[in-house]
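First comes the structure, then the notes that go with it.
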Amino acid sequence: MARWQPGAPQRLVVAAVDLFTEQGYDATTVTQIAERAGVTKSTFFRYFSDKREILVAGQETLSRLLADGIAEAPASASPLQAVAAGLERASSAMGATNRELGPRLKAAVAASTELQERDALKSVGLAAAMTAALIARGVPDATAHLAGELGVLAFKQGYAQWSESDRDDTEGLAPHALAALEDLRAATASLG
């Protein structure tokens, strides 16, 4: 095995998700993931502290993209318009591999309590990044928290729709995430 093959983190994620789907999260070992990805076990640990961390691969980048999009929204943007800008920015980084992994990752998370807990923590981290970016824009705390949570829901719903949609859909994730955000905005208006 080559020690420094390019794309190792991505290959590790794909290998882990495939193995979680095939044999379950609990039955999958780090050694199996590394072997499937064509890297050494030490290479696995260079990128991930344990197999749970596979689920949050790219979370730091995703959080940064969401926050950057919010920060760069026009000054006149409402909190939800700023969140939409963040969703558009983050969506631009999601490619074919992300789309292909979606349904398999969803199935792996649904089958493992440990992965469900880690997924919940990921959502909290994404919401915190958006909330902090909104507060930095001068949005009041309660409004920023609500908009950040809606942003996470919109991202997750949009991602699920995108990853399960017709493969001929070439528009990417952004339209799905923005449509989900609009649906959530309308739903909050109906709360009275």
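Residue numbers start at 1 in each chain; chains themselves are named A, B, ... in the order of the structure tokens; ligands are numbered from 1 in the order shown.
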Please extract the residues of chain A with a backbone DSSP assignment of alpha helix (DSSP H) and present them as a ChimeraX atom specification. /A:8-23,30-37,41-47,59-71,79-91,96-110,113-136,141-164,174-189
Pick out the residues sitting within 12 Å of A:Pro79, and hand them over as a ChimeraX atom specification; count only C-alpha atoms, and ignore anything fewer than 4 positions along from it in its own chain. /A:69-71,73-75,83-86,130-151,181,185
So that I have them on file, write out the residues from the current selection with N, CA, C and O atoms, as a compact mmCIF listing (two decimals), in the first residue's frame.
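Result file follows (again21.txt):
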# COMPACT_ATOMS: atom_id res chain seq x y z
N GLY A 69 -20.94 32.27 4.05
CA GLY A 69 -22.05 32.71 3.22
C GLY A 69 -22.95 33.68 3.96
O GLY A 69 -23.41 34.69 3.39
N ILE A 70 -23.20 33.42 5.22
CA ILE A 70 -24.01 34.31 6.05
C ILE A 70 -23.30 35.66 6.20
O ILE A 70 -23.91 36.72 6.04
N ALA A 71 -22.02 35.62 6.51
CA ALA A 71 -21.25 36.85 6.72
C ALA A 71 -21.21 37.71 5.47
O ALA A 71 -21.21 38.95 5.56
N ALA A 73 -23.48 37.85 3.07
CA ALA A 73 -24.80 38.26 2.56
C ALA A 73 -24.90 39.78 2.62
O ALA A 73 -24.27 40.42 3.47
N PRO A 74 -25.68 40.38 1.74
CA PRO A 74 -25.83 41.84 1.78
C PRO A 74 -26.30 42.31 3.16
O PRO A 74 -27.03 41.60 3.85
N ALA A 75 -25.87 43.50 3.54
CA ALA A 75 -26.24 44.05 4.84
C ALA A 75 -27.75 44.16 5.01
O ALA A 75 -28.27 44.05 6.12
N VAL A 83 -29.19 33.21 5.94
CA VAL A 83 -29.07 31.75 6.03
C VAL A 83 -29.12 31.14 4.63
O VAL A 83 -28.36 30.22 4.31
N ALA A 84 -29.99 31.66 3.77
CA ALA A 84 -30.08 31.17 2.39
C ALA A 84 -28.74 31.36 1.68
O ALA A 84 -28.28 30.47 0.95
N ALA A 85 -28.08 32.49 1.93
CA ALA A 85 -26.76 32.72 1.33
C ALA A 85 -25.75 31.70 1.85
O ALA A 85 -24.91 31.21 1.10
N GLY A 86 -25.85 31.37 3.13
CA GLY A 86 -24.98 30.34 3.70
C GLY A 86 -25.25 28.98 3.09
O GLY A 86 -24.31 28.22 2.78
N MET A 130 -23.93 28.74 12.28
CA MET A 130 -24.82 29.71 11.64
C MET A 130 -25.31 30.76 12.64
O MET A 130 -25.38 31.94 12.32
N THR A 131 -25.62 30.32 13.85
CA THR A 131 -26.07 31.26 14.88
C THR A 131 -25.00 32.29 15.18
O THR A 131 -25.29 33.49 15.24
N ALA A 132 -23.76 31.86 15.33
CA ALA A 132 -22.66 32.79 15.62
C ALA A 132 -22.48 33.79 14.47
O ALA A 132 -22.26 34.98 14.72
N ALA A 133 -22.60 33.32 13.23
CA ALA A 133 -22.45 34.22 12.09
C ALA A 133 -23.59 35.24 12.05
O ALA A 133 -23.37 36.41 11.70
N LEU A 134 -24.78 34.81 12.41
CA LEU A 134 -25.92 35.73 12.43
C LEU A 134 -25.77 36.76 13.56
O LEU A 134 -26.03 37.95 13.36
N ILE A 135 -25.34 36.32 14.72
CA ILE A 135 -25.12 37.24 15.84
C ILE A 135 -24.05 38.27 15.47
O ILE A 135 -24.17 39.45 15.79
N ALA A 136 -23.02 37.82 14.76
CA ALA A 136 -21.96 38.75 14.32
C ALA A 136 -22.51 39.80 13.36
O ALA A 136 -21.95 40.89 13.25
N ARG A 137 -23.63 39.49 12.69
CA ARG A 137 -24.28 40.46 11.80
C ARG A 137 -25.20 41.41 12.58
O ARG A 137 -25.82 42.28 11.98
N GLY A 138 -25.34 41.16 13.89
CA GLY A 138 -26.20 42.01 14.70
C GLY A 138 -27.61 41.47 14.89
O GLY A 138 -28.48 42.17 15.41
N VAL A 139 -27.84 40.24 14.50
CA VAL A 139 -29.15 39.62 14.68
C VAL A 139 -29.32 39.28 16.16
O VAL A 139 -28.40 38.73 16.77
N PRO A 140 -30.45 39.61 16.78
CA PRO A 140 -30.66 39.27 18.19
C PRO A 140 -30.53 37.76 18.44
O PRO A 140 -30.84 36.95 17.56
N ASP A 141 -30.07 37.42 19.64
CA ASP A 141 -29.78 36.01 19.97
C ASP A 141 -30.92 35.05 19.64
O ASP A 141 -30.69 34.04 18.97
N ALA A 142 -32.13 35.31 20.12
CA ALA A 142 -33.24 34.38 19.91
C ALA A 142 -33.52 34.19 18.43
O ALA A 142 -33.73 33.06 17.96
N THR A 143 -33.50 35.27 17.68
CA THR A 143 -33.75 35.20 16.24
C THR A 143 -32.62 34.44 15.55
O THR A 143 -32.86 33.61 14.66
N ALA A 144 -31.39 34.71 15.95
CA ALA A 144 -30.24 34.03 15.36
C ALA A 144 -30.30 32.52 15.62
O ALA A 144 -30.03 31.72 14.72
N HIS A 145 -30.66 32.14 16.85
CA HIS A 145 -30.76 30.71 17.17
C HIS A 145 -31.84 30.04 16.33
O HIS A 145 -31.63 28.95 15.79
N LEU A 146 -33.00 30.68 16.24
CA LEU A 146 -34.09 30.11 15.46
C LEU A 146 -33.70 29.99 13.99
O LEU A 146 -33.90 28.95 13.35
N ALA A 147 -33.12 31.04 13.42
CA ALA A 147 -32.71 31.01 12.02
C ALA A 147 -31.63 29.95 11.78
O ALA A 147 -31.65 29.25 10.76
N GLY A 148 -30.70 29.80 12.72
CA GLY A 148 -29.66 28.78 12.60
C GLY A 148 -30.25 27.38 12.61
O GLY A 148 -29.85 26.52 11.81
N GLU A 149 -31.20 27.15 13.50
CA GLU A 149 -31.85 25.82 13.56
C GLU A 149 -32.64 25.56 12.27
O GLU A 149 -32.62 24.44 11.75
N LEU A 150 -33.34 26.58 11.77
CA LEU A 150 -34.06 26.40 10.51
C LEU A 150 -33.09 26.12 9.37
O LEU A 150 -33.40 25.33 8.47
N GLY A 151 -31.93 26.76 9.41
CA GLY A 151 -30.91 26.50 8.40
C GLY A 151 -30.45 25.05 8.40
O GLY A 151 -30.29 24.44 7.34
N LEU A 181 -35.84 25.58 2.92
CA LEU A 181 -35.85 26.75 3.80
C LEU A 181 -37.12 27.56 3.61
O LEU A 181 -37.73 28.01 4.58
N ARG A 185 -39.90 28.39 6.39
CA ARG A 185 -40.32 29.78 6.67
C ARG A 185 -41.84 29.88 6.64
O ARG A 185 -42.46 30.46 7.52
Exercise: A:Gly95 partners within 12 Å, only C-alpha atoms, chain neighbours under 3 positions left out, as a list in words: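 The residues satisfying every condition are Gln10, Ala90, Ser91, Ser92, Asn98, Arg99, Glu100, Leu101, Gly102, Tyr159, Trp162, Ser163, Thr170, Glu171, Gly172, Leu173 and Ala174 of chain A.
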Please, could you write that set of residues out with C-alpha atoms as a PDB file, in the first residue's frame?
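And here's again.pdb as it stands now:
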ATOM      1  CA  GLN A  10     -12.582  10.653   0.786  1.00  0.00           C
ATOM      2  CA  ALA A  90     -22.192  25.337   1.465  1.00  0.00           C
ATOM      3  CA  SER A  91     -24.131  23.638  -1.321  1.00  0.00           C
ATOM      4  CA  SER A  92     -21.496  24.652  -3.841  1.00  0.00           C
ATOM      5  CA  ASN A  98     -21.767  13.539  -1.395  1.00  0.00           C
ATOM      6  CA  ARG A  99     -24.920  12.846  -3.365  1.00  0.00           C
ATOM      7  CA  GLU A 100     -24.122   9.176  -3.873  1.00  0.00           C
ATOM      8  CA  LEU A 101     -23.314   8.639  -0.198  1.00  0.00           C
ATOM      9  CA  GLY A 102     -26.533  10.264   1.044  1.00  0.00           C
ATOM     10  CA  TYR A 159     -29.719  17.130   1.154  1.00  0.00           C
ATOM     11  CA  TRP A 162     -31.198  15.958  -3.510  1.00  0.00           C
ATOM     12  CA  SER A 163     -29.510  12.642  -2.729  1.00  0.00           C
ATOM     13  CA  THR A 170     -28.120  18.554 -12.541  1.00  0.00           C
ATOM     14  CA  GLU A 171     -29.060  21.654 -10.540  1.00  0.00           C
ATOM     15  CA  GLY A 172     -27.153  20.570  -7.465  1.00  0.00           C
ATOM     16  CA  LEU A 173     -28.032  20.793  -3.797  1.00  0.00           C
ATOM     17  CA  ALA A 174     -28.744  24.538  -3.530  1.00  0.00           C
TER      18      ALA A 174
END
Could you produce a table of the residues of stretch 46-116 of chain A lying within 7 Å of stretch 14-32 of chain A, with the nearest pair of atoms per residue and their separation in Å rounded to one decimal, using only C-alpha atoms, ordered by chain and increasing residue number, as JSON lines?
{"residue": "A:Lys51", "atom": "CA", "partner": "A:Val30", "partner_atom": "CA", "distance": 6.3}
{"residue": "A:Arg104", "atom": "CA", "partner": "A:Thr21", "partner_atom": "CA", "distance": 6.3}
{"residue": "A:Leu105", "atom": "CA", "partner": "A:Val17", "partner_atom": "CA", "distance": 6.0}
{"residue": "A:Ala107", "atom": "CA", "partner": "A:Thr21", "partner_atom": "CA", "distance": 6.9}
{"residue": "A:Ala108", "atom": "CA", "partner": "A:Thr21", "partner_atom": "CA", "distance": 5.5}
{"residue": "A:Ser112", "atom": "CA", "partner": "A:Tyr25", "partner_atom": "CA", "distance": 6.6}
Taking all heavy atoms for each residue, export the selection above as a PDB file, in the first residue's frame.
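Dumped to again_35.pdb:
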ATOM      1  N   LYS A  51     -13.957   5.515  14.246  1.00  0.00           N
ATOM      2  CA  LYS A  51     -14.856   5.299  13.108  1.00  0.00           C
ATOM      3  C   LYS A  51     -16.111   6.162  13.181  1.00  0.00           C
ATOM      4  O   LYS A  51     -16.723   6.454  12.152  1.00  0.00           O
ATOM      5  CB  LYS A  51     -15.212   3.814  12.954  1.00  0.00           C
ATOM      6  CG  LYS A  51     -16.030   3.228  14.080  1.00  0.00           C
ATOM      7  CD  LYS A  51     -16.269   1.743  13.854  1.00  0.00           C
ATOM      8  CE  LYS A  51     -17.150   1.178  14.956  1.00  0.00           C
ATOM      9  NZ  LYS A  51     -17.454  -0.234  14.732  1.00  0.00           N
ATOM     10  N   ARG A 104     -27.022   5.871   1.506  1.00  0.00           N
ATOM     11  CA  ARG A 104     -26.316   4.838   2.278  1.00  0.00           C
ATOM     12  C   ARG A 104     -25.975   5.346   3.674  1.00  0.00           C
ATOM     13  O   ARG A 104     -26.075   4.612   4.655  1.00  0.00           O
ATOM     14  CB  ARG A 104     -25.053   4.389   1.530  1.00  0.00           C
ATOM     15  CG  ARG A 104     -25.396   3.744   0.200  1.00  0.00           C
ATOM     16  CD  ARG A 104     -24.232   3.056  -0.467  1.00  0.00           C
ATOM     17  NE  ARG A 104     -22.952   3.691  -0.400  1.00  0.00           N
ATOM     18  CZ  ARG A 104     -22.312   4.234  -1.421  1.00  0.00           C
ATOM     19  NH1 ARG A 104     -22.861   4.263  -2.602  1.00  0.00           N
ATOM     20  NH2 ARG A 104     -21.115   4.754  -1.265  1.00  0.00           N
ATOM     21  N   LEU A 105     -25.555   6.595   3.761  1.00  0.00           N
ATOM     22  CA  LEU A 105     -25.235   7.181   5.053  1.00  0.00           C
ATOM     23  C   LEU A 105     -26.484   7.283   5.916  1.00  0.00           C
ATOM     24  O   LEU A 105     -26.451   6.984   7.122  1.00  0.00           O
ATOM     25  CB  LEU A 105     -24.597   8.555   4.857  1.00  0.00           C
ATOM     26  CG  LEU A 105     -23.987   9.214   6.068  1.00  0.00           C
ATOM     27  CD1 LEU A 105     -22.949   8.317   6.736  1.00  0.00           C
ATOM     28  CD2 LEU A 105     -23.347  10.536   5.679  1.00  0.00           C
ATOM     29  N   ALA A 107     -29.080   5.350   5.832  1.00  0.00           N
ATOM     30  CA  ALA A 107     -29.397   3.996   6.296  1.00  0.00           C
ATOM     31  C   ALA A 107     -28.469   3.569   7.425  1.00  0.00           C
ATOM     32  O   ALA A 107     -28.915   2.961   8.409  1.00  0.00           O
ATOM     33  CB  ALA A 107     -29.308   3.007   5.134  1.00  0.00           C
ATOM     34  N   ALA A 108     -27.183   3.891   7.303  1.00  0.00           N
ATOM     35  CA  ALA A 108     -26.228   3.525   8.357  1.00  0.00           C
ATOM     36  C   ALA A 108     -26.554   4.249   9.659  1.00  0.00           C
ATOM     37  O   ALA A 108     -26.511   3.649  10.743  1.00  0.00           O
ATOM     38  CB  ALA A 108     -24.801   3.845   7.912  1.00  0.00           C
ATOM     39  N   SER A 112     -27.936   2.681  13.694  1.00  0.00           N
ATOM     40  CA  SER A 112     -26.985   2.734  14.802  1.00  0.00           C
ATOM     41  C   SER A 112     -27.290   3.887  15.758  1.00  0.00           C
ATOM     42  O   SER A 112     -27.254   5.051  15.363  1.00  0.00           O
ATOM     43  CB  SER A 112     -25.560   2.906  14.251  1.00  0.00           C
ATOM     44  OG  SER A 112     -24.654   3.218  15.284  1.00  0.00           O
TER      45      SER A 112
END
Calculate how many Å separate atom CA of A:His176 from atom CA of A:Leu121, rounding to one decimal. 23.0 Å
Neighbours of A:Ala177 within 7 Å (only C-alpha atoms; same-chain residues fewer than 6 positions away dropped), as a PyMOL selection string? chain A and resi 87+154-155+157-159
Leaving out A:Ala57 and any residue of its chain fewer than 3 positions from it, which residues lie within 10 Å of it when counting only C-alpha atoms, given as a list in words? Pro9, Gln10, Leu12, Val13, Tyr47, Phe48, Arg52, Glu53, Ile54, Glu60, Thr61, Leu62 and Lys122 of chain A
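In this comparison, which uses only C-alpha atoms, the residue of A:Ala93, A:Leu178, A:Leu66, A:Ala189 approaching A:Ala128 most closely is A:Leu66.
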I'd like the contact shell of A:Ser42 - 12 Å cut-off, only C-alpha atoms, skipping same-chain residues fewer than 3 positions apart - returned as a PDB file with N, CA and C atoms, in the first residue's frame.
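Written out: out_10.pdb:
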ATOM      1  N   MET A   1       0.829  -1.190   0.000  1.00  0.00           N
ATOM      2  CA  MET A   1       0.000   0.000   0.000  1.00  0.00           C
ATOM      3  C   MET A   1       0.867   1.245   0.000  1.00  0.00           C
ATOM      4  N   ARG A   3       1.893   4.887   0.932  1.00  0.00           N
ATOM      5  CA  ARG A   3       1.684   5.590   2.182  1.00  0.00           C
ATOM      6  C   ARG A   3       0.916   6.898   2.003  1.00  0.00           C
ATOM      7  N   TRP A   4       1.156   7.623   0.926  1.00  0.00           N
ATOM      8  CA  TRP A   4       0.550   8.952   0.747  1.00  0.00           C
ATOM      9  C   TRP A   4      -0.254   9.022  -0.545  1.00  0.00           C
ATOM     10  N   ALA A   8      -7.117  10.175   0.253  1.00  0.00           N
ATOM     11  CA  ALA A   8      -7.317   9.188   1.311  1.00  0.00           C
ATOM     12  C   ALA A   8      -8.534   9.484   2.185  1.00  0.00           C
ATOM     13  N   VAL A  30     -11.961  -0.448  12.201  1.00  0.00           N
ATOM     14  CA  VAL A  30     -11.085   0.534  11.563  1.00  0.00           C
ATOM     15  C   VAL A  30     -10.162  -0.164  10.567  1.00  0.00           C
ATOM     16  N   THR A  31      -9.675  -1.333  10.922  1.00  0.00           N
ATOM     17  CA  THR A  31      -8.803  -2.092  10.022  1.00  0.00           C
ATOM     18  C   THR A  31      -9.514  -2.399   8.711  1.00  0.00           C
ATOM     19  N   ILE A  33     -12.008  -0.751   7.377  1.00  0.00           N
ATOM     20  CA  ILE A  33     -12.193   0.505   6.645  1.00  0.00           C
ATOM     21  C   ILE A  33     -10.900   0.874   5.922  1.00  0.00           C
ATOM     22  N   ALA A  34      -9.783   0.816   6.637  1.00  0.00           N
ATOM     23  CA  ALA A  34      -8.491   1.164   6.039  1.00  0.00           C
ATOM     24  C   ALA A  34      -8.160   0.247   4.865  1.00  0.00           C
ATOM     25  N   GLU A  35      -8.367  -1.064   5.053  1.00  0.00           N
ATOM     26  CA  GLU A  35      -8.080  -2.004   3.976  1.00  0.00           C
ATOM     27  C   GLU A  35      -8.954  -1.730   2.752  1.00  0.00           C
ATOM     28  N   GLY A  38      -7.709   1.156   0.879  1.00  0.00           N
ATOM     29  CA  GLY A  38      -6.378   1.001   0.311  1.00  0.00           C
ATOM     30  C   GLY A  38      -5.313   1.814   1.026  1.00  0.00           C
ATOM     31  N   VAL A  39      -5.503   2.015   2.338  1.00  0.00           N
ATOM     32  CA  VAL A  39      -4.524   2.754   3.136  1.00  0.00           C
ATOM     33  C   VAL A  39      -4.199   1.946   4.387  1.00  0.00           C
ATOM     34  N   PHE A  45      -5.996   6.873  11.160  1.00  0.00           N
ATOM     35  CA  PHE A  45      -5.930   7.687  12.384  1.00  0.00           C
ATOM     36  C   PHE A  45      -5.293   9.059  12.154  1.00  0.00           C
ATOM     37  N   ARG A  46      -4.656   9.258  11.030  1.00  0.00           N
ATOM     38  CA  ARG A  46      -4.155  10.585  10.687  1.00  0.00           C
ATOM     39  C   ARG A  46      -5.335  11.520  10.408  1.00  0.00           C
ATOM     40  N   TYR A  47      -6.422  10.969   9.891  1.00  0.00           N
ATOM     41  CA  TYR A  47      -7.576  11.778   9.506  1.00  0.00           C
ATOM     42  C   TYR A  47      -8.748  11.697  10.477  1.00  0.00           C
ATOM     43  N   PHE A  48      -8.905  10.578  11.152  1.00  0.00           N
ATOM     44  CA  PHE A  48     -10.068  10.366  12.026  1.00  0.00           C
ATOM     45  C   PHE A  48      -9.621   9.744  13.342  1.00  0.00           C
ATOM     46  N   SER A  49     -10.192  10.221  14.443  1.00  0.00           N
ATOM     47  CA  SER A  49      -9.825   9.672  15.752  1.00  0.00           C
ATOM     48  C   SER A  49     -10.462   8.311  15.995  1.00  0.00           C
ATOM     49  N   ASP A  50     -11.628   8.063  15.401  1.00  0.00           N
ATOM     50  CA  ASP A  50     -12.287   6.768  15.489  1.00  0.00           C
ATOM     51  C   ASP A  50     -13.306   6.651  14.357  1.00  0.00           C
TER      52      ASP A  50
END
Straight-line distance linking atom CA of A:Ala77 with atom CA of A:Leu191, stated in Å to one decimal: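 So the two atoms, atom CA of A:Ala77 and atom CA of A:Leu191, lie 23.0 Å apart.
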Report, in Å with one decimal, the straight-line distance from atom CA of A:Ala67 to atom CA of A:Gly7. 25.6 Å
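Ranking A:Glu88, A:Asp119, A:Asp166, A:Glu182 by their shortest atom-to-atom distance to A:Glu72, with only C-alpha atoms included, puts A:Glu88 first.
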